[in-house]
Every structure is written in C-alpha cells, then in structure tokens.
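Peer 1: File data.cif below, mmCIF, N, CA and C atoms:
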data_input
#
loop_
_atom_site.label_atom_id
_atom_site.label_comp_id
_atom_site.auth_asym_id
_atom_site.auth_seq_id
_atom_site.Cartn_x
_atom_site.Cartn_y
_atom_site.Cartn_z
N MET A 12 93.71 170.99 131.15
CA MET A 12 93.45 169.71 130.53
C MET A 12 93.91 168.60 131.45
N ASP A 13 93.11 167.59 131.56
CA ASP A 13 93.47 166.45 132.40
C ASP A 13 93.81 165.27 131.50
N ILE A 14 95.10 165.03 131.32
CA ILE A 14 95.50 163.96 130.41
C ILE A 14 95.13 162.60 130.95
N GLU A 15 94.91 162.48 132.26
CA GLU A 15 94.55 161.19 132.82
C GLU A 15 93.22 160.69 132.25
N THR A 16 92.35 161.58 131.84
CA THR A 16 91.07 161.15 131.29
C THR A 16 91.24 160.46 129.95
N ALA A 17 92.41 160.64 129.33
CA ALA A 17 92.66 159.97 128.06
C ALA A 17 92.89 158.48 128.26
N GLY A 18 93.33 158.11 129.45
CA GLY A 18 93.62 156.71 129.68
C GLY A 18 94.76 156.26 128.79
N LEU A 19 95.02 154.99 128.77
CA LEU A 19 96.08 154.49 127.92
C LEU A 19 95.54 153.50 126.90
N HIS A 20 94.26 153.51 126.69
CA HIS A 20 93.67 152.68 125.64
C HIS A 20 93.95 153.38 124.31
N PHE A 21 94.39 152.61 123.32
CA PHE A 21 94.81 153.14 122.03
C PHE A 21 93.78 154.10 121.43
N MET A 22 92.55 153.67 121.29
CA MET A 22 91.53 154.52 120.65
C MET A 22 91.12 155.68 121.54
N GLN A 23 91.16 155.51 122.86
CA GLN A 23 90.87 156.63 123.74
C GLN A 23 91.90 157.73 123.55
N CYS A 24 93.15 157.33 123.39
CA CYS A 24 94.20 158.32 123.16
C CYS A 24 93.95 159.09 121.87
N HIS A 25 93.56 158.39 120.83
CA HIS A 25 93.29 159.05 119.55
C HIS A 25 92.09 159.99 119.66
N ARG A 26 91.05 159.56 120.35
CA ARG A 26 89.88 160.44 120.51
C ARG A 26 90.25 161.67 121.33
N TRP A 27 91.06 161.48 122.36
CA TRP A 27 91.50 162.60 123.19
C TRP A 27 92.30 163.58 122.33
N LEU A 28 93.20 163.06 121.50
CA LEU A 28 93.98 163.93 120.61
C LEU A 28 93.08 164.68 119.64
N GLU A 29 92.06 164.02 119.13
CA GLU A 29 91.11 164.70 118.24
C GLU A 29 90.41 165.84 118.96
N ARG A 30 90.00 165.60 120.19
CA ARG A 30 89.33 166.67 120.97
C ARG A 30 90.29 167.83 121.22
N MET A 31 91.54 167.53 121.50
CA MET A 31 92.52 168.58 121.73
C MET A 31 92.74 169.38 120.45
N GLN A 32 92.79 168.70 119.33
CA GLN A 32 92.98 169.40 118.06
C GLN A 32 91.79 170.30 117.75
N GLU A 33 90.59 169.85 118.07
CA GLU A 33 89.39 170.67 117.84
C GLU A 33 89.33 171.86 118.79
N SER A 34 90.03 171.77 119.92
CA SER A 34 89.94 172.82 120.93
C SER A 34 90.91 173.98 120.68
N THR A 35 91.76 173.87 119.66
CA THR A 35 92.74 174.93 119.42
C THR A 35 92.75 175.34 117.96
N THR A 36 93.08 176.60 117.75
CA THR A 36 93.26 177.11 116.39
C THR A 36 94.74 177.33 116.09
N ASP A 37 95.59 177.11 117.08
CA ASP A 37 97.03 177.31 116.94
C ASP A 37 97.61 176.26 116.00
N GLN A 38 98.12 176.71 114.86
CA GLN A 38 98.63 175.78 113.85
C GLN A 38 99.83 174.97 114.36
N GLY A 39 100.67 175.57 115.17
CA GLY A 39 101.80 174.85 115.72
C GLY A 39 101.36 173.71 116.62
N VAL A 40 100.36 173.97 117.44
CA VAL A 40 99.82 172.94 118.33
C VAL A 40 99.13 171.86 117.51
N ARG A 41 98.42 172.26 116.48
CA ARG A 41 97.75 171.28 115.62
C ARG A 41 98.77 170.36 114.93
N LEU A 42 99.90 170.92 114.51
CA LEU A 42 100.96 170.11 113.91
C LEU A 42 101.56 169.15 114.94
N LEU A 43 101.76 169.63 116.16
CA LEU A 43 102.25 168.77 117.23
C LEU A 43 101.29 167.59 117.44
N ILE A 44 100.01 167.88 117.49
CA ILE A 44 99.00 166.83 117.69
C ILE A 44 99.04 165.84 116.52
N ASP A 45 99.16 166.34 115.29
CA ASP A 45 99.28 165.45 114.13
C ASP A 45 100.49 164.52 114.28
N ASP A 46 101.62 165.09 114.71
CA ASP A 46 102.83 164.29 114.89
C ASP A 46 102.64 163.22 115.96
N VAL A 47 102.03 163.60 117.08
CA VAL A 47 101.81 162.63 118.16
C VAL A 47 100.85 161.54 117.70
N ARG A 48 99.81 161.92 116.98
CA ARG A 48 98.86 160.93 116.47
C ARG A 48 99.54 159.97 115.50
N ASP A 49 100.37 160.50 114.60
CA ASP A 49 101.10 159.65 113.67
C ASP A 49 102.03 158.69 114.41
N ASP A 50 102.72 159.21 115.42
CA ASP A 50 103.62 158.36 116.21
C ASP A 50 102.85 157.27 116.94
N LEU A 51 101.69 157.61 117.46
CA LEU A 51 100.88 156.62 118.17
C LEU A 51 100.43 155.52 117.22
N TRP A 52 100.04 155.88 116.00
CA TRP A 52 99.68 154.86 115.01
C TRP A 52 100.87 153.96 114.70
N ALA A 53 102.06 154.57 114.61
CA ALA A 53 103.26 153.80 114.29
C ALA A 53 103.62 152.84 115.42
N VAL A 54 103.47 153.29 116.65
CA VAL A 54 103.78 152.45 117.81
C VAL A 54 102.76 151.33 117.93
N GLY A 55 101.50 151.68 117.81
CA GLY A 55 100.43 150.68 117.80
C GLY A 55 100.09 150.08 119.14
N SER A 56 100.82 150.40 120.18
CA SER A 56 100.55 149.84 121.50
C SER A 56 100.79 150.91 122.54
N VAL A 57 100.01 150.88 123.58
CA VAL A 57 100.18 151.87 124.65
C VAL A 57 100.33 151.17 125.99
N GLU A 58 100.97 150.02 125.96
CA GLU A 58 101.16 149.26 127.19
C GLU A 58 102.62 149.29 127.62
N GLY A 59 102.85 149.02 128.89
CA GLY A 59 104.21 148.92 129.43
C GLY A 59 104.97 150.23 129.30
N GLU A 60 106.24 150.09 128.97
CA GLU A 60 107.10 151.27 128.85
C GLU A 60 106.62 152.21 127.75
N LEU A 61 106.06 151.65 126.68
CA LEU A 61 105.53 152.51 125.63
C LEU A 61 104.38 153.36 126.16
N GLY A 62 103.62 152.81 127.08
CA GLY A 62 102.53 153.57 127.69
C GLY A 62 103.05 154.81 128.39
N ASP A 63 104.20 154.70 129.06
CA ASP A 63 104.80 155.86 129.71
C ASP A 63 105.20 156.92 128.69
N LEU A 64 105.73 156.47 127.56
CA LEU A 64 106.10 157.42 126.50
C LEU A 64 104.87 158.10 125.92
N VAL A 65 103.81 157.32 125.71
CA VAL A 65 102.56 157.88 125.19
C VAL A 65 102.00 158.90 126.17
N LEU A 66 102.01 158.57 127.44
CA LEU A 66 101.50 159.50 128.45
C LEU A 66 102.32 160.78 128.46
N GLY A 67 103.62 160.66 128.28
CA GLY A 67 104.47 161.85 128.19
C GLY A 67 104.13 162.70 126.98
N ALA A 68 103.87 162.04 125.86
CA ALA A 68 103.49 162.79 124.65
C ALA A 68 102.15 163.48 124.84
N LEU A 69 101.21 162.80 125.48
CA LEU A 69 99.90 163.42 125.75
C LEU A 69 100.05 164.61 126.69
N ALA A 70 100.95 164.48 127.65
CA ALA A 70 101.20 165.60 128.58
C ALA A 70 101.77 166.79 127.82
N SER A 71 102.63 166.54 126.84
CA SER A 71 103.18 167.63 126.03
C SER A 71 102.09 168.33 125.24
N VAL A 72 101.17 167.56 124.69
CA VAL A 72 100.05 168.14 123.95
C VAL A 72 99.19 168.99 124.88
N ALA A 73 98.87 168.44 126.05
CA ALA A 73 98.04 169.18 127.01
C ALA A 73 98.70 170.50 127.41
N ALA A 74 100.00 170.46 127.65
CA ALA A 74 100.72 171.68 128.02
C ALA A 74 100.72 172.68 126.88
N ALA A 75 100.93 172.21 125.66
CA ALA A 75 100.94 173.11 124.49
C ALA A 75 99.58 173.77 124.29
N VAL A 76 98.50 173.00 124.46
CA VAL A 76 97.15 173.56 124.31
C VAL A 76 96.91 174.60 125.40
N ASP A 77 97.30 174.31 126.63
CA ASP A 77 97.11 175.25 127.73
C ASP A 77 97.89 176.55 127.51
N VAL A 78 99.15 176.43 127.11
CA VAL A 78 99.98 177.61 126.87
C VAL A 78 99.42 178.44 125.73
N SER A 79 99.01 177.79 124.67
CA SER A 79 98.43 178.50 123.52
C SER A 79 97.18 179.27 123.94
N ALA A 80 96.31 178.62 124.71
CA ALA A 80 95.08 179.27 125.16
C ALA A 80 95.40 180.48 126.05
N GLU A 81 96.39 180.32 126.93
CA GLU A 81 96.75 181.42 127.81
C GLU A 81 97.33 182.60 127.02
N LEU A 82 98.15 182.32 126.02
CA LEU A 82 98.70 183.39 125.21
C LEU A 82 97.62 184.12 124.43
N LEU A 83 96.63 183.37 123.93
CA LEU A 83 95.51 184.00 123.22
C LEU A 83 94.72 184.92 124.16
N GLU A 84 94.51 184.47 125.39
CA GLU A 84 93.77 185.28 126.36
C GLU A 84 94.52 186.57 126.66
N ARG A 85 95.82 186.47 126.82
CA ARG A 85 96.62 187.66 127.13
C ARG A 85 96.63 188.64 125.96
N ALA A 86 96.60 188.13 124.74
CA ALA A 86 96.63 188.97 123.56
C ALA A 86 95.30 189.70 123.34
N ALA A 87 94.22 189.14 123.91
CA ALA A 87 92.89 189.72 123.69
C ALA A 87 92.66 190.96 124.49
#
What does the file become when written as structure tokens?

Peer 2:
Amino acid sequence: MDIETAGLHFMQCHRWLERMQESTTDQGVRLLIDDVRDDLWAVGSVEGELGDLVLGALASVAAAVDVSAELLERAA
C-alpha cells in the first residue's frame, strides 16, 4: 500500500481509508480503520503538525492491512 497516494486532503484521506477497509476482511484491521476515521473527523484538519499525525495513522493502517494480507496468504 502506498500511503502517499492518500495525500493530506481531508476527503482524500477518508476515501483512502474506505478503500483500505474494503480491501480487508480482518475485523481487527477494520476496527482500527474505524478508529482512525473517527479520529480524523474529530481533528477536522490535516495541515501542519496534525498532518504529520494523520500521515502516521495512515501508515499504521497500511501496515496493518499488509500484515493481515500476508498472514492470510501464509494460512492458505
């Protein structure tokens, strides 16, 4: 997953999170994405220092989706 494609535009981040949620069946990852989306709505801005925090949260989601997919592949 390339989190840079999400950009730091508020709605782009939400759309990216929606795509990530659709790409996984892992309930733990889906809950993480819900939490990040809720936090992003609460923050309401993705500029400046908050933008760095948002980017970090998106990176966490991308890593969780990648790890979940890899574990599913190994289990198959």

Peer 1: Please identify the helix (DSSP H, G or I) residues within chain A (assignment by DSSP from backbone atoms) and present them as number ranges by chain.

Peer 2: A: 14-17, 21-33, 38-54, 59-86

Peer 1: Restrict the calculation to all atoms listed in the file, then for each residue of segment 42-62 of chain A with any atom at most 7 Å from an atom of segment 66-69 of chain A give the closest atom pair and their distance in Å to one decimal, rows by chain and rising residue number, as a tab-separated table.

Peer 2:
residue	atom	partner	partner_atom	distance
A:Val47	CA	A:Ala68	CA	6.7
A:Leu61	C	A:Leu66	N	5.9
A:Gly62	C	A:Leu66	N	4.0

Peer 1: Any chance you could resolve the PyMOL selection byres (((chain A and resi 79 and name CA) around 12) and name CA) against this file and give the residues as a ChimeraX atom specification?

Peer 2: /A:31-32,34-41,72-78,80-86

Peer 1: With only C-alpha atoms as the basis for distance, which of A:Leu42, A:Phe21, A:Leu28, A:Glu33 is at the shortest distance from Val54 of chain A?

Peer 2: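 Selected residue with least distance to Val54 of chain A: A:Phe21.
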
Peer 1: For the atom pair atom CA of Val65 of chain A and atom CA of His20 of chain A, what is the interatomic distance in Å to one decimal place?

Peer 2: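 Atom CA of His20 of chain A lies at a distance of 10.3 Å from atom CA of Val65 of chain A.
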
Peer 1: Just give me the gap between atom C of Leu43 of chain A and atom N of Glu60 of chain A in Å, one decimal is fine.

Peer 2: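 Rounded to one decimal, the two atoms are 21.5 Å apart.
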
Peer 1: How many Å lie between atom CA of Ala70 of chain A and atom CA of Trp27 of chain A, rounded to one decimal?

Peer 2: 11.5 Å
